[in-house]
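Data block for target-v7.txt (compact mmCIF, N, CA and C atoms):
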```txt
# COMPACT_ATOMS: atom_id res chain seq x y z
N MET A 236 31.01 8.79 9.70
CA MET A 236 30.04 9.12 10.74
C MET A 236 28.68 8.54 10.33
N GLN A 237 28.02 7.91 11.28
CA GLN A 237 26.71 7.33 11.03
C GLN A 237 25.66 8.42 10.87
N VAL A 238 24.65 8.14 10.04
CA VAL A 238 23.54 9.07 9.91
C VAL A 238 22.82 9.17 11.25
N LEU A 239 22.52 8.01 11.84
CA LEU A 239 21.91 7.96 13.17
C LEU A 239 22.89 7.28 14.12
N ASP A 240 23.07 7.87 15.27
CA ASP A 240 23.91 7.26 16.29
C ASP A 240 23.05 6.26 17.06
N SER A 241 23.26 4.99 16.79
CA SER A 241 22.41 3.95 17.37
C SER A 241 22.49 3.93 18.90
N LYS A 242 23.64 4.30 19.44
CA LYS A 242 23.78 4.32 20.90
C LYS A 242 22.86 5.40 21.50
N VAL A 243 22.86 6.58 20.92
CA VAL A 243 21.99 7.66 21.41
C VAL A 243 20.53 7.26 21.28
N VAL A 244 20.17 6.70 20.13
CA VAL A 244 18.78 6.29 19.91
C VAL A 244 18.37 5.21 20.91
N SER A 245 19.25 4.25 21.16
CA SER A 245 18.94 3.18 22.13
C SER A 245 18.75 3.74 23.54
N GLU A 246 19.63 4.65 23.92
CA GLU A 246 19.50 5.26 25.25
C GLU A 246 18.20 6.05 25.38
N LEU A 247 17.85 6.78 24.33
CA LEU A 247 16.59 7.53 24.35
C LEU A 247 15.39 6.58 24.42
N ARG A 248 15.48 5.49 23.68
CA ARG A 248 14.38 4.52 23.68
C ARG A 248 14.21 3.90 25.06
N GLU A 249 15.33 3.63 25.75
CA GLU A 249 15.27 3.09 27.11
C GLU A 249 14.61 4.08 28.07
N MET A 250 14.92 5.35 27.91
CA MET A 250 14.39 6.38 28.81
C MET A 250 12.95 6.77 28.48
N LEU A 251 12.65 6.87 27.18
CA LEU A 251 11.38 7.46 26.75
C LEU A 251 10.43 6.49 26.07
N ASP A 252 10.88 5.29 25.78
CA ASP A 252 10.08 4.27 25.12
C ASP A 252 9.52 4.81 23.79
N ASP A 253 8.22 4.71 23.57
CA ASP A 253 7.61 5.10 22.30
C ASP A 253 7.58 6.61 22.07
N GLU A 254 7.82 7.38 23.12
CA GLU A 254 7.85 8.84 22.96
C GLU A 254 8.98 9.27 22.02
N VAL A 255 10.00 8.44 21.89
CA VAL A 255 11.10 8.75 20.97
C VAL A 255 10.58 8.87 19.55
N ASP A 256 9.66 7.97 19.18
CA ASP A 256 9.09 8.03 17.83
C ASP A 256 8.36 9.35 17.62
N GLU A 257 7.69 9.84 18.64
CA GLU A 257 7.01 11.13 18.54
C GLU A 257 8.01 12.27 18.34
N LEU A 258 9.14 12.18 19.03
CA LEU A 258 10.17 13.21 18.87
C LEU A 258 10.75 13.19 17.45
N PHE A 259 10.97 12.00 16.92
CA PHE A 259 11.43 11.90 15.54
C PHE A 259 10.38 12.43 14.57
N ASP A 260 9.11 12.14 14.83
CA ASP A 260 8.04 12.66 13.98
C ASP A 260 8.03 14.18 13.98
N GLU A 261 8.21 14.76 15.17
CA GLU A 261 8.26 16.23 15.27
C GLU A 261 9.45 16.78 14.48
N LEU A 262 10.59 16.13 14.59
CA LEU A 262 11.77 16.57 13.84
C LEU A 262 11.49 16.52 12.34
N ILE A 263 10.86 15.44 11.90
CA ILE A 263 10.55 15.29 10.48
C ILE A 263 9.57 16.36 10.01
N GLN A 264 8.72 16.84 10.89
CA GLN A 264 7.77 17.90 10.55
C GLN A 264 8.44 19.28 10.55
N ILE A 265 9.26 19.54 11.56
CA ILE A 265 9.80 20.88 11.79
C ILE A 265 10.96 21.22 10.86
N VAL A 266 11.87 20.29 10.64
CA VAL A 266 13.08 20.61 9.89
C VAL A 266 12.79 21.08 8.46
N PRO A 267 11.93 20.42 7.69
CA PRO A 267 11.68 20.93 6.34
C PRO A 267 11.13 22.36 6.33
N GLN A 268 10.27 22.67 7.28
CA GLN A 268 9.75 24.03 7.39
C GLN A 268 10.87 25.01 7.71
N THR A 269 11.74 24.61 8.62
CA THR A 269 12.85 25.47 9.01
C THR A 269 13.83 25.66 7.86
N LEU A 270 14.10 24.59 7.12
CA LEU A 270 15.00 24.70 5.98
C LEU A 270 14.40 25.61 4.90
N ALA A 271 13.09 25.54 4.72
CA ALA A 271 12.43 26.43 3.75
C ALA A 271 12.56 27.89 4.19
N THR A 272 12.39 28.13 5.47
CA THR A 272 12.56 29.48 6.00
C THR A 272 14.00 29.95 5.84
N MET A 273 14.94 29.06 6.07
CA MET A 273 16.35 29.40 5.91
C MET A 273 16.66 29.75 4.46
N THR A 274 16.04 29.07 3.52
CA THR A 274 16.23 29.35 2.10
C THR A 274 15.69 30.74 1.78
N GLU A 275 14.55 31.09 2.36
CA GLU A 275 13.99 32.43 2.17
C GLU A 275 14.94 33.48 2.76
N CYS A 276 15.50 33.18 3.92
CA CYS A 276 16.46 34.10 4.55
C CYS A 276 17.70 34.26 3.67
N ALA A 277 18.13 33.19 3.06
CA ALA A 277 19.30 33.26 2.17
C ALA A 277 19.00 34.17 0.98
N ALA A 278 17.80 34.05 0.45
CA ALA A 278 17.42 34.88 -0.70
C ALA A 278 17.40 36.36 -0.34
N SER A 279 17.05 36.66 0.91
CA SER A 279 16.99 38.06 1.33
C SER A 279 18.29 38.53 1.98
N GLY A 280 19.28 37.64 2.11
CA GLY A 280 20.56 38.02 2.67
C GLY A 280 20.60 38.06 4.19
N ASP A 281 19.61 37.45 4.84
CA ASP A 281 19.53 37.45 6.30
C ASP A 281 20.35 36.29 6.87
N LEU A 282 21.66 36.46 6.88
CA LEU A 282 22.56 35.39 7.30
C LEU A 282 22.46 35.11 8.80
N LYS A 283 22.17 36.13 9.59
CA LYS A 283 22.05 35.94 11.05
C LYS A 283 20.90 34.99 11.37
N SER A 284 19.77 35.13 10.68
CA SER A 284 18.64 34.23 10.92
C SER A 284 18.98 32.80 10.52
N ILE A 285 19.72 32.65 9.44
CA ILE A 285 20.14 31.31 9.03
C ILE A 285 21.02 30.69 10.10
N GLU A 286 21.95 31.46 10.61
CA GLU A 286 22.84 30.98 11.68
C GLU A 286 22.03 30.53 12.90
N GLU A 287 21.06 31.34 13.30
CA GLU A 287 20.25 31.02 14.47
C GLU A 287 19.42 29.76 14.25
N LYS A 288 18.84 29.63 13.07
CA LYS A 288 18.01 28.46 12.78
C LYS A 288 18.87 27.19 12.64
N ALA A 289 20.06 27.34 12.09
CA ALA A 289 20.98 26.21 12.00
C ALA A 289 21.34 25.72 13.40
N HIS A 290 21.55 26.66 14.31
CA HIS A 290 21.86 26.31 15.70
C HIS A 290 20.70 25.54 16.33
N LEU A 291 19.50 26.02 16.10
CA LEU A 291 18.30 25.40 16.68
C LEU A 291 18.12 23.96 16.20
N ILE A 292 18.16 23.75 14.89
CA ILE A 292 17.92 22.39 14.39
C ILE A 292 19.13 21.48 14.64
N LYS A 293 20.31 22.08 14.75
CA LYS A 293 21.50 21.28 15.12
C LYS A 293 21.30 20.64 16.48
N GLY A 294 20.83 21.43 17.43
CA GLY A 294 20.62 20.92 18.78
C GLY A 294 19.57 19.82 18.82
N SER A 295 18.47 20.05 18.13
CA SER A 295 17.40 19.04 18.10
C SER A 295 17.89 17.74 17.48
N ALA A 296 18.58 17.86 16.36
CA ALA A 296 19.09 16.68 15.66
C ALA A 296 20.13 15.95 16.51
N SER A 297 21.00 16.70 17.11
CA SER A 297 22.05 16.10 17.94
C SER A 297 21.46 15.35 19.13
N ASN A 298 20.47 15.95 19.78
CA ASN A 298 19.83 15.31 20.93
C ASN A 298 19.18 13.98 20.56
N LEU A 299 18.74 13.84 19.30
CA LEU A 299 18.10 12.62 18.86
C LEU A 299 19.08 11.67 18.17
N GLY A 300 20.35 12.06 18.08
CA GLY A 300 21.34 11.18 17.49
C GLY A 300 21.41 11.23 15.97
N VAL A 301 20.88 12.29 15.37
CA VAL A 301 20.92 12.46 13.92
C VAL A 301 22.21 13.23 13.61
N MET A 302 23.32 12.51 13.70
CA MET A 302 24.63 13.13 13.79
C MET A 302 25.15 13.75 12.50
N VAL A 303 24.96 13.13 11.36
CA VAL A 303 25.47 13.69 10.11
C VAL A 303 24.78 15.02 9.82
N PHE A 304 23.48 15.06 10.03
CA PHE A 304 22.73 16.29 9.82
C PHE A 304 23.15 17.35 10.83
N ALA A 305 23.30 16.96 12.09
CA ALA A 305 23.72 17.91 13.12
C ALA A 305 25.08 18.50 12.77
N GLU A 306 25.98 17.67 12.27
CA GLU A 306 27.31 18.14 11.89
C GLU A 306 27.23 19.12 10.72
N ALA A 307 26.39 18.85 9.75
CA ALA A 307 26.23 19.77 8.62
C ALA A 307 25.67 21.11 9.10
N CYS A 308 24.75 21.06 10.05
CA CYS A 308 24.21 22.29 10.64
C CYS A 308 25.30 23.06 11.37
N ARG A 309 26.13 22.34 12.11
CA ARG A 309 27.22 22.97 12.85
C ARG A 309 28.18 23.68 11.90
N GLN A 310 28.52 23.03 10.81
CA GLN A 310 29.43 23.62 9.84
C GLN A 310 28.85 24.91 9.25
N LEU A 311 27.56 24.88 8.93
CA LEU A 311 26.91 26.08 8.40
C LEU A 311 26.89 27.19 9.46
N GLU A 312 26.47 26.84 10.66
CA GLU A 312 26.39 27.82 11.74
C GLU A 312 27.75 28.47 12.01
N GLU A 313 28.77 27.65 12.17
CA GLU A 313 30.09 28.18 12.48
C GLU A 313 30.70 28.94 11.31
N GLY A 314 30.43 28.46 10.10
CA GLY A 314 30.91 29.17 8.91
C GLY A 314 30.30 30.55 8.79
N LEU A 315 29.02 30.66 9.08
CA LEU A 315 28.35 31.96 9.05
C LEU A 315 28.88 32.86 10.16
N ARG A 316 29.05 32.30 11.34
CA ARG A 316 29.54 33.09 12.48
C ARG A 316 30.94 33.64 12.20
N ALA A 317 31.77 32.83 11.56
CA ALA A 317 33.15 33.24 11.26
C ALA A 317 33.25 34.14 10.04
N GLY A 318 32.14 34.28 9.31
CA GLY A 318 32.16 35.09 8.11
C GLY A 318 32.75 34.38 6.91
N ASP A 319 32.87 33.06 7.00
CA ASP A 319 33.44 32.27 5.91
C ASP A 319 32.42 31.94 4.83
N ILE A 320 31.15 32.12 5.12
CA ILE A 320 30.09 31.78 4.17
C ILE A 320 29.27 33.03 3.90
N SER A 321 29.34 33.49 2.66
CA SER A 321 28.54 34.66 2.30
C SER A 321 27.32 34.26 1.47
N GLU A 322 27.41 33.12 0.81
CA GLU A 322 26.30 32.58 0.01
C GLU A 322 25.94 31.19 0.53
N PRO A 323 25.00 31.12 1.45
CA PRO A 323 24.71 29.83 2.10
C PRO A 323 23.84 28.87 1.28
N ALA A 324 23.41 29.25 0.10
CA ALA A 324 22.49 28.42 -0.66
C ALA A 324 23.03 27.00 -0.90
N ALA A 325 24.30 26.88 -1.23
CA ALA A 325 24.88 25.55 -1.47
C ALA A 325 24.87 24.72 -0.19
N HIS A 326 25.12 25.35 0.92
CA HIS A 326 25.10 24.64 2.21
C HIS A 326 23.69 24.19 2.56
N LEU A 327 22.71 25.01 2.19
CA LEU A 327 21.32 24.63 2.46
C LEU A 327 20.90 23.43 1.61
N LEU A 328 21.43 23.34 0.39
CA LEU A 328 21.16 22.16 -0.43
C LEU A 328 21.73 20.91 0.24
N ILE A 329 22.93 21.04 0.79
CA ILE A 329 23.56 19.92 1.51
C ILE A 329 22.70 19.53 2.71
N LEU A 330 22.23 20.53 3.46
CA LEU A 330 21.36 20.24 4.61
C LEU A 330 20.11 19.50 4.17
N ASN A 331 19.49 19.94 3.09
CA ASN A 331 18.28 19.27 2.59
C ASN A 331 18.58 17.82 2.22
N ASP A 332 19.67 17.59 1.52
CA ASP A 332 20.03 16.23 1.12
C ASP A 332 20.37 15.36 2.33
N THR A 333 21.11 15.93 3.25
CA THR A 333 21.51 15.19 4.45
C THR A 333 20.29 14.83 5.29
N PHE A 334 19.36 15.77 5.39
CA PHE A 334 18.16 15.48 6.17
C PHE A 334 17.30 14.42 5.48
N ALA A 335 17.23 14.46 4.16
CA ALA A 335 16.47 13.44 3.42
C ALA A 335 17.04 12.05 3.71
N GLN A 336 18.36 11.93 3.77
CA GLN A 336 18.99 10.65 4.11
C GLN A 336 18.62 10.24 5.54
N ALA A 337 18.62 11.20 6.43
CA ALA A 337 18.28 10.91 7.83
C ALA A 337 16.85 10.43 7.95
N VAL A 338 15.94 11.03 7.20
CA VAL A 338 14.53 10.63 7.26
C VAL A 338 14.37 9.18 6.83
N VAL A 339 15.10 8.77 5.79
CA VAL A 339 15.05 7.38 5.34
C VAL A 339 15.47 6.45 6.48
N GLU A 340 16.55 6.78 7.16
CA GLU A 340 17.03 5.94 8.27
C GLU A 340 16.08 5.97 9.46
N ILE A 341 15.53 7.13 9.75
CA ILE A 341 14.57 7.24 10.86
C ILE A 341 13.36 6.36 10.58
N LYS A 342 12.85 6.43 9.37
CA LYS A 342 11.66 5.63 9.03
C LYS A 342 11.98 4.15 9.04
N ALA A 343 13.17 3.78 8.58
CA ALA A 343 13.58 2.37 8.61
C ALA A 343 13.70 1.88 10.06
N MET A 344 14.22 2.74 10.92
CA MET A 344 14.37 2.38 12.33
C MET A 344 12.99 2.18 12.96
N ALA A 345 12.05 3.01 12.60
CA ALA A 345 10.71 2.94 13.17
C ALA A 345 10.00 1.65 12.79
N GLU A 346 10.40 1.07 11.66
CA GLU A 346 9.76 -0.16 11.19
C GLU A 346 10.31 -1.40 11.89
N LEU A 347 11.40 -1.25 12.63
CA LEU A 347 12.00 -2.41 13.31
C LEU A 347 11.12 -2.91 14.44
```
Could you rewrite the structure in this file as structure tokens?
Amino acid sequence: MQVLDSKVVSELREMLDDEVDELFDELIQIVPQTLATMTECAASGDLKSIEEKAHLIKGSASNLGVMVFAEACRQLEEGLRAGDISEPAAHLLILNDTFAQAVVEIKAMAEL
């Protein structure tokens, strides 16, 4: 699976032109803050809040074509909902790493 779905990004660029870059900038600003909050929730055992925040950033990432990150969010969200994940800290590390990879690709795309 691609980090960025080039077809989704191209379609967004056709519809929104340079506004797409602003949406990616917002994602780059919001996700680290959300992941930090999710880590705090994990420390306090608030799994429901983690599930809700994973759902939120999954949707944003998916809409922008950041597919690998969106998929990792989906796995965390569904795992928490099903009760399969009691200690989400390892999953949050994966989300942080996956998002860092996505940021590199987003920034490279912006330079084109």
Legend entry - DSSP alpha helix (DSSP H) residues within chain A, listed as a PyMOL selection string: chain A and resi 241-251+254-279+282-298+302-317+324-345
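In this structure, CA of Ile285 (chain A) sits 15.3 Å away from CA of Glu306 (chain A).
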Kindly assemble as a Markdown table a list of the region 241-293 of chain A residues that lie within 7 Å of region 314-336 of chain A, each paired with its nearest atom pair and their distance in Å to one decimal, using all atoms listed in the file, sorted first by chain and then by ascending residue number.
```
| residue | atom | partner | partner_atom | distance |
| --- | --- | --- | --- | --- |
| A:Thr274 | CA | A:Ala324 | CA | 6.9 |
| A:Ala277 | CA | A:Ala324 | N | 6.1 |
| A:Leu282 | C | A:Leu315 | CA | 6.7 |
| A:Glu286 | CA | A:Leu315 | CA | 6.2 |
```
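Across the structure, atom C of Leu311 (chain A) and CA of Glu261 (chain A) are spaced 22.4 Å apart.
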Legend entry - Pick from A:Leu262, A:Met273, A:Ala345, A:Val339, whichever lies nearest to Ser295 (chain A) using only N, CA and C atoms: A:Leu262
Legend entry - Close residues, Gln237 (chain A) itself excluded, 8 Å, only N, CA and C atoms, min 6 positions apart in chain, as a list in words: Gly300, Val301, Met302, Val303 and Phe304 of chain A
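You will find CA of Val238 (chain A) at 13.0 Å from atom C of Met344 (chain A).
The residue that comes closest to Ile341 (chain A), out of A:Val266, A:Met236, A:Ala289, A:Phe259 and on the basis of all atoms listed in the file, is A:Phe259.
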Inset, instruction - Point out the residue among A:Asp281, A:Glu254, A:Thr269, A:Ile292 with the least atom-to-atom distance to Cys308 (chain A), counting only N, CA and C atoms. - result: A:Ile292
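If all atoms listed in the file are the atoms counted, then among A:Glu312, A:Leu270, A:Val255, A:Ala305 the closest residue to His290 (chain A) is A:Glu312.
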Legend entry - Shell around Leu247 (chain A) at 8 Å using only N, CA and C atoms, local window under 6 positions removed, as an MDAnalysis selection string: chainID A and resid 241 253:256 298:299
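Distances to Ile263 (chain A) were evaluated for A:Leu251, A:Val338, A:Ala343, A:Ser284 using only N, CA and C atoms, and the minimum falls at A:Val338.
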Find the smallest box with edges along x, y and z containing every listed atom of region 294-310 of chain A, then add 3 Å on each side and report centre and edge lengths in Å to one decimal, as JSON.
```
{"center_x": 23.4, "center_y": 18.0, "center_z": 14.8, "size_x": 18.0, "size_y": 19.7, "size_z": 18.3}
```
